[in-house]
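Heads up, model-v9.pdb below (PDB, C-alpha atoms):
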ATOM      1  CA  MET A 104       0.000   0.000   0.000  1.00  0.00           C
ATOM      2  CA  SER A 105       2.957   2.300   0.449  1.00  0.00           C
ATOM      3  CA  SER A 106       3.530   2.529  -3.316  1.00  0.00           C
ATOM      4  CA  ILE A 107      -0.052   3.550  -4.042  1.00  0.00           C
ATOM      5  CA  ALA A 108      -1.786   6.615  -2.614  1.00  0.00           C
ATOM      6  CA  ASN A 109      -5.348   7.408  -3.579  1.00  0.00           C
ATOM      7  CA  GLY A 110      -5.256   4.770  -6.269  1.00  0.00           C
ATOM      8  CA  LEU A 111      -2.281   6.288  -8.163  1.00  0.00           C
ATOM      9  CA  PRO A 112       1.260   4.985  -8.150  1.00  0.00           C
ATOM     10  CA  ARG A 113       3.882   7.466  -6.748  1.00  0.00           C
ATOM     11  CA  GLN A 114       5.494   7.856 -10.159  1.00  0.00           C
ATOM     12  CA  LYS A 115       2.235   9.109 -11.721  1.00  0.00           C
ATOM     13  CA  MET A 116       1.545  11.403  -8.751  1.00  0.00           C
ATOM     14  CA  GLY A 117       4.996  12.966  -9.184  1.00  0.00           C
ATOM     15  CA  ARG A 118       4.367  13.622 -12.878  1.00  0.00           C
ATOM     16  CA  ALA A 119       0.947  15.094 -12.179  1.00  0.00           C
ATOM     17  CA  ALA A 120       2.375  17.401  -9.499  1.00  0.00           C
ATOM     18  CA  ARG A 121       5.203  18.534 -11.792  1.00  0.00           C
ATOM     19  CA  LEU A 122       2.759  19.126 -14.654  1.00  0.00           C
ATOM     20  CA  LEU A 123       0.484  21.134 -12.381  1.00  0.00           C
ATOM     21  CA  THR A 124       3.429  23.202 -11.102  1.00  0.00           C
ATOM     22  CA  VAL A 125       4.748  23.899 -14.606  1.00  0.00           C
ATOM     23  CA  SER A 126       1.242  24.844 -15.803  1.00  0.00           C
ATOM     24  CA  ALA A 127       0.781  27.239 -12.894  1.00  0.00           C
ATOM     25  CA  LEU A 128       4.156  28.888 -13.504  1.00  0.00           C
ATOM     26  CA  LEU A 129       3.419  29.321 -17.204  1.00  0.00           C
ATOM     27  CA  ALA A 130       0.032  30.871 -16.432  1.00  0.00           C
ATOM     28  CA  LEU A 131       1.578  33.290 -13.919  1.00  0.00           C
ATOM     29  CA  GLY A 132       4.365  34.107 -16.348  1.00  0.00           C
ATOM     30  CA  GLY A 133       1.803  34.940 -19.019  1.00  0.00           C
ATOM     31  CA  LEU A 134      -0.079  37.235 -16.666  1.00  0.00           C
ATOM     32  CA  ALA A 135       3.122  38.964 -15.589  1.00  0.00           C
ATOM     33  CA  GLY A 136       3.909  39.687 -19.242  1.00  0.00           C
ATOM     34  CA  CYS A 137       0.678  41.654 -19.546  1.00  0.00           C
ATOM     35  CA  SER A 138       1.792  44.155 -16.930  1.00  0.00           C
ATOM     36  CA  THR A 139       5.099  45.059 -18.583  1.00  0.00           C
ATOM     37  CA  LEU A 140       3.531  47.338 -21.176  1.00  0.00           C
ATOM     38  CA  ASP A 141       4.440  50.530 -19.295  1.00  0.00           C
ATOM     39  CA  GLN A 142       1.888  49.706 -16.603  1.00  0.00           C
ATOM     40  CA  GLY A 143      -0.936  49.485 -19.149  1.00  0.00           C
ATOM     41  CA  ALA A 144      -0.081  52.779 -20.878  1.00  0.00           C
ATOM     42  CA  ILE A 145      -0.282  53.291 -24.616  1.00  0.00           C
ATOM     43  CA  HIS A 146       1.366  56.266 -26.308  1.00  0.00           C
ATOM     44  CA  ARG A 147      -0.339  57.472 -29.481  1.00  0.00           C
ATOM     45  CA  GLY A 148       0.350  60.175 -31.998  1.00  0.00           C
ATOM     46  CA  TYR A 149       3.217  62.591 -32.425  1.00  0.00           C
ATOM     47  CA  VAL A 150       6.415  62.039 -30.417  1.00  0.00           C
ATOM     48  CA  PHE A 151       7.525  65.408 -29.075  1.00  0.00           C
ATOM     49  CA  ASP A 152      11.168  66.432 -29.011  1.00  0.00           C
ATOM     50  CA  ASP A 153      11.627  69.674 -27.074  1.00  0.00           C
ATOM     51  CA  GLN A 154      14.888  70.447 -28.920  1.00  0.00           C
ATOM     52  CA  LEU A 155      13.015  70.410 -32.231  1.00  0.00           C
ATOM     53  CA  LEU A 156      10.160  72.477 -30.825  1.00  0.00           C
ATOM     54  CA  SER A 157      12.651  75.148 -29.710  1.00  0.00           C
ATOM     55  CA  GLN A 158      13.842  75.498 -33.327  1.00  0.00           C
ATOM     56  CA  VAL A 159      10.398  76.601 -34.543  1.00  0.00           C
ATOM     57  CA  LYS A 160      10.343  80.408 -34.662  1.00  0.00           C
ATOM     58  CA  ILE A 161       7.641  82.964 -35.465  1.00  0.00           C
ATOM     59  CA  GLY A 162       7.996  84.181 -39.058  1.00  0.00           C
ATOM     60  CA  ALA A 163       9.414  80.882 -40.346  1.00  0.00           C
ATOM     61  CA  PRO A 164       8.022  79.630 -43.666  1.00  0.00           C
ATOM     62  CA  ALA A 165       5.700  76.598 -43.598  1.00  0.00           C
ATOM     63  CA  GLU A 166       8.288  74.498 -45.475  1.00  0.00           C
ATOM     64  CA  GLN A 167      10.841  75.095 -42.708  1.00  0.00           C
ATOM     65  CA  VAL A 168       8.322  74.157 -39.983  1.00  0.00           C
ATOM     66  CA  LEU A 169       7.467  70.998 -41.915  1.00  0.00           C
ATOM     67  CA  GLY A 170      11.167  70.166 -42.179  1.00  0.00           C
ATOM     68  CA  ILE A 171      11.666  70.589 -38.429  1.00  0.00           C
ATOM     69  CA  LEU A 172       8.502  68.991 -37.034  1.00  0.00           C
ATOM     70  CA  GLY A 173       7.529  66.621 -39.816  1.00  0.00           C
ATOM     71  CA  THR A 174       4.024  65.868 -41.033  1.00  0.00           C
ATOM     72  CA  PRO A 175       1.305  67.192 -38.698  1.00  0.00           C
ATOM     73  CA  THR A 176      -1.279  64.874 -37.150  1.00  0.00           C
ATOM     74  CA  THR A 177      -4.037  66.973 -38.704  1.00  0.00           C
ATOM     75  CA  THR A 178      -4.514  70.353 -40.364  1.00  0.00           C
ATOM     76  CA  SER A 179      -7.219  72.983 -40.545  1.00  0.00           C
ATOM     77  CA  THR A 180      -8.002  75.681 -43.059  1.00  0.00           C
ATOM     78  CA  VAL A 181     -10.998  77.120 -41.181  1.00  0.00           C
ATOM     79  CA  GLY A 182     -10.219  80.674 -40.114  1.00  0.00           C
ATOM     80  CA  GLY A 183      -6.663  80.459 -41.470  1.00  0.00           C
ATOM     81  CA  ASP A 184      -4.111  77.712 -41.966  1.00  0.00           C
ATOM     82  CA  ALA A 185      -3.148  75.680 -38.881  1.00  0.00           C
ATOM     83  CA  TRP A 186      -1.247  72.464 -38.279  1.00  0.00           C
ATOM     84  CA  TYR A 187      -1.756  70.327 -35.191  1.00  0.00           C
ATOM     85  CA  TYR A 188       0.697  67.837 -33.711  1.00  0.00           C
ATOM     86  CA  ILE A 189      -1.227  65.648 -31.262  1.00  0.00           C
ATOM     87  CA  SER A 190       0.071  63.194 -28.674  1.00  0.00           C
ATOM     88  CA  GLN A 191      -1.840  61.147 -26.110  1.00  0.00           C
ATOM     89  CA  ARG A 192      -1.090  58.758 -23.298  1.00  0.00           C
ATOM     90  CA  VAL A 193      -3.910  56.300 -22.739  1.00  0.00           C
ATOM     91  CA  GLU A 194      -4.040  53.967 -19.759  1.00  0.00           C
ATOM     92  CA  GLN A 195      -5.899  50.675 -19.596  1.00  0.00           C
ATOM     93  CA  PRO A 196      -5.068  48.786 -16.383  1.00  0.00           C
ATOM     94  CA  LEU A 197      -6.620  45.544 -17.655  1.00  0.00           C
ATOM     95  CA  PRO A 198      -7.654  44.520 -21.167  1.00  0.00           C
ATOM     96  CA  SER A 199     -11.293  44.258 -20.066  1.00  0.00           C
ATOM     97  CA  MET A 200     -11.355  47.805 -18.662  1.00  0.00           C
ATOM     98  CA  PRO A 201     -12.048  50.940 -20.716  1.00  0.00           C
ATOM     99  CA  GLN A 202      -9.191  53.144 -21.875  1.00  0.00           C
ATOM    100  CA  THR A 203      -8.695  56.505 -20.169  1.00  0.00           C
ATOM    101  CA  VAL A 204      -6.741  59.413 -21.661  1.00  0.00           C
ATOM    102  CA  THR A 205      -4.364  60.555 -18.904  1.00  0.00           C
ATOM    103  CA  GLU A 206      -2.192  62.965 -20.907  1.00  0.00           C
ATOM    104  CA  GLN A 207      -2.842  64.892 -24.081  1.00  0.00           C
ATOM    105  CA  ARG A 208      -0.680  67.458 -25.787  1.00  0.00           C
ATOM    106  CA  VAL A 209      -1.574  69.490 -28.857  1.00  0.00           C
ATOM    107  CA  TYR A 210       1.134  71.660 -30.394  1.00  0.00           C
ATOM    108  CA  ALA A 211      -0.555  74.038 -32.837  1.00  0.00           C
ATOM    109  CA  VAL A 212       1.210  76.212 -35.391  1.00  0.00           C
ATOM    110  CA  TYR A 213      -0.725  78.928 -37.212  1.00  0.00           C
ATOM    111  CA  PHE A 214       0.186  80.451 -40.574  1.00  0.00           C
ATOM    112  CA  ASP A 215      -0.867  83.606 -42.408  1.00  0.00           C
ATOM    113  CA  LYS A 216      -1.949  83.755 -46.055  1.00  0.00           C
ATOM    114  CA  ASN A 217       1.734  83.919 -47.114  1.00  0.00           C
ATOM    115  CA  LYS A 218       2.433  80.618 -45.290  1.00  0.00           C
ATOM    116  CA  ARG A 219       4.528  82.311 -42.588  1.00  0.00           C
ATOM    117  CA  LEU A 220       4.281  81.163 -38.972  1.00  0.00           C
ATOM    118  CA  THR A 221       2.316  83.725 -36.956  1.00  0.00           C
ATOM    119  CA  ARG A 222       1.498  81.932 -33.706  1.00  0.00           C
ATOM    120  CA  ILE A 223       2.421  78.848 -31.701  1.00  0.00           C
ATOM    121  CA  ALA A 224       0.145  77.277 -29.084  1.00  0.00           C
ATOM    122  CA  ASN A 225       0.816  74.394 -26.748  1.00  0.00           C
ATOM    123  CA  TYR A 226      -2.376  72.867 -25.322  1.00  0.00           C
ATOM    124  CA  GLY A 227      -2.711  70.199 -22.662  1.00  0.00           C
ATOM    125  CA  LEU A 228      -5.531  67.973 -21.483  1.00  0.00           C
ATOM    126  CA  GLU A 229      -6.652  70.659 -19.052  1.00  0.00           C
ATOM    127  CA  ASP A 230      -7.212  73.119 -21.942  1.00  0.00           C
ATOM    128  CA  GLY A 231     -10.110  71.351 -23.603  1.00  0.00           C
ATOM    129  CA  ARG A 232     -11.765  68.189 -24.771  1.00  0.00           C
ATOM    130  CA  VAL A 233     -10.128  64.840 -25.282  1.00  0.00           C
ATOM    131  CA  ILE A 234      -9.459  64.251 -28.971  1.00  0.00           C
ATOM    132  CA  ASP A 235     -10.767  60.966 -30.372  1.00  0.00           C
ATOM    133  CA  MET A 236      -7.748  59.710 -32.293  1.00  0.00           C
ATOM    134  CA  THR A 237      -9.336  56.405 -33.304  1.00  0.00           C
ATOM    135  CA  SER A 238     -12.569  57.638 -34.851  1.00  0.00           C
ATOM    136  CA  ARG A 239     -12.838  57.361 -38.608  1.00  0.00           C
ATOM    137  CA  GLN A 240     -15.865  59.657 -38.864  1.00  0.00           C
ATOM    138  CA  THR A 241     -16.105  63.322 -39.665  1.00  0.00           C
ATOM    139  CA  VAL A 242     -18.781  65.066 -37.661  1.00  0.00           C
ATOM    140  CA  SER A 243     -21.120  67.011 -39.921  1.00  0.00           C
ATOM    141  CA  GLY A 244     -23.335  69.863 -38.828  1.00  0.00           C
ATOM    142  CA  GLY A 245     -26.977  69.036 -38.273  1.00  0.00           C
ATOM    143  CA  GLY A 246     -26.587  65.269 -38.202  1.00  0.00           C
ATOM    144  CA  GLU A 247     -27.198  62.705 -40.914  1.00  0.00           C
ATOM    145  CA  SER A 248     -30.845  62.007 -40.289  1.00  0.00           C
ATOM    146  CA  ARG A 249     -32.345  65.505 -40.049  1.00  0.00           C
ATOM    147  CA  LEU A 250     -34.161  65.247 -43.393  1.00  0.00           C
ATOM    148  CA  LEU A 251     -35.705  61.893 -42.545  1.00  0.00           C
ATOM    149  CA  GLN A 252     -36.635  63.068 -39.044  1.00  0.00           C
ATOM    150  CA  GLY A 253     -38.351  66.137 -40.469  1.00  0.00           C
ATOM    151  CA  MET A 254     -40.327  64.097 -42.988  1.00  0.00           C
ATOM    152  CA  LEU A 255     -41.470  61.601 -40.345  1.00  0.00           C
ATOM    153  CA  LYS A 256     -42.412  64.403 -37.977  1.00  0.00           C
ATOM    154  CA  GLN A 257     -44.486  66.068 -40.686  1.00  0.00           C
ATOM    155  CA  LEU A 258     -46.269  62.833 -41.560  1.00  0.00           C
ATOM    156  CA  SER A 259     -47.085  61.628 -38.072  1.00  0.00           C
ATOM    157  CA  GLY A 260     -46.839  64.610 -35.791  1.00  0.00           C
ATOM    158  CA  LEU A 261     -44.490  62.594 -33.556  1.00  0.00           C
ATOM    159  CA  LYS A 262     -40.868  63.133 -32.709  1.00  0.00           C
ATOM    160  CA  TYR A 263     -38.577  60.367 -33.877  1.00  0.00           C
ATOM    161  CA  LYS A 264     -35.112  60.037 -32.522  1.00  0.00           C
ATOM    162  CA  MET A 265     -32.859  58.165 -34.893  1.00  0.00           C
ATOM    163  CA  PHE A 266     -29.642  56.589 -33.623  1.00  0.00           C
TER
END

Step by step, read the file and then write its structure as structure tokens.
Amino acid sequence: MSSIANGLPRQKMGRAARLLTVSALLALGGLAGCSTLDQGAIHRGYVFDDQLLSQVKIGAPAEQVLGILGTPTTTSTVGGDAWYYISQRVEQPLPSMPQTVTEQRVYAVYFDKNKRLTRIANYGLEDGRVIDMTSRQTVSGGGESRLLQGMLKQLSGLKYKMF
């Protein structure tokens, strides 16, 4: 009876224990690997280099700014020409948890009609809204379903809310 415990020979119990130990270590090792991604932080967008930013001077031509800073994250022509360099730090402690923007930096350069730099602005998260860098939609004024809503309202006298 000494060679058999609980119906299993000692040799099989030793293998089972080793297999269980190895499996547990592999599982823990896999979980530990998940936490090495800068504590769940993801850096997105432009990578700022303060030495390069210090080289950008008021009055510089747009070509020179482009040569120093590179391609902007986005541009705007509304109310003048502006280029925006956007960077975010997003934290997600666990894959099942939602992402939270913890840092955001927007470096904006504004040009006049002659493509000369007139103003530089450096905005942080505290200066405004979080920018959705993953959206592939352009927000249009008035919404997409206004025409259909108006027609349905006219026909039935009811208010329909679409999407």

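The residue that comes closest to Thr203 in chain A, out of A:Ile145, A:Leu172, A:Glu166, A:Thr221 and on the basis of only C-alpha atoms, is A:Ile145.
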
**Study point:** Within 6 Å of Pro164 in chain A using all atoms listed in the file, minus same-chain residues under 2 positions, as a PyMOL selection string
**Key:** chain A and resi 166-167+218-219

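The smallest atom-to-atom distance between Leu155 in chain A and any of A:Ile171, A:Glu229, A:Gly143, A:Val193, using all atoms listed in the file, is found for A:Ile171.
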
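If all atoms listed in the file are the atoms counted, then among A:Gln207, A:Ser199, A:Asn225, A:Gln158 the closest residue to Trp186 in chain A is A:Asn225.
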
Exercise for review: Rounded to one decimal place, report the CA of Thr177 in chain A-CA of Asn217 in chain A distance in Å.
Suggested key: 19.8 Å

Check your understanding: If the PyMOL selection byres ((chain A and resi 147) around 8) is run on the structure shown, which residues does it catch, given as a ChimeraX atom specification?
Key -> /A:145-146,148-149,190-193

Practice item. Spell out the residues picked by the PyMOL selection byres ((chain A and resi 220) around 10) here, as number ranges by chain. Key: A: 159-165, 167-168, 184-185, 212-219, 221-223

Run through the PyMOL selection byres ((chain A and resi 196) around 9) on the given coordinates and return the selected residues as a PDB file with C-alpha atoms, in the frame of the given file.
ATOM      1  CA  SER A 138       1.792  44.155 -16.930  1.00  0.00           C
ATOM      2  CA  GLN A 142       1.888  49.706 -16.603  1.00  0.00           C
ATOM      3  CA  GLY A 143      -0.936  49.485 -19.149  1.00  0.00           C
ATOM      4  CA  ALA A 144      -0.081  52.779 -20.878  1.00  0.00           C
ATOM      5  CA  GLU A 194      -4.040  53.967 -19.759  1.00  0.00           C
ATOM      6  CA  GLN A 195      -5.899  50.675 -19.596  1.00  0.00           C
ATOM      7  CA  LEU A 197      -6.620  45.544 -17.655  1.00  0.00           C
ATOM      8  CA  PRO A 198      -7.654  44.520 -21.167  1.00  0.00           C
ATOM      9  CA  SER A 199     -11.293  44.258 -20.066  1.00  0.00           C
ATOM     10  CA  MET A 200     -11.355  47.805 -18.662  1.00  0.00           C
ATOM     11  CA  PRO A 201     -12.048  50.940 -20.716  1.00  0.00           C
ATOM     12  CA  GLN A 202      -9.191  53.144 -21.875  1.00  0.00           C
TER      13      GLN A 202
END

Review point. Interatomic distance between CA of Glu206 in chain A and CA of Ser179 in chain A?
Key: 22.6 Å
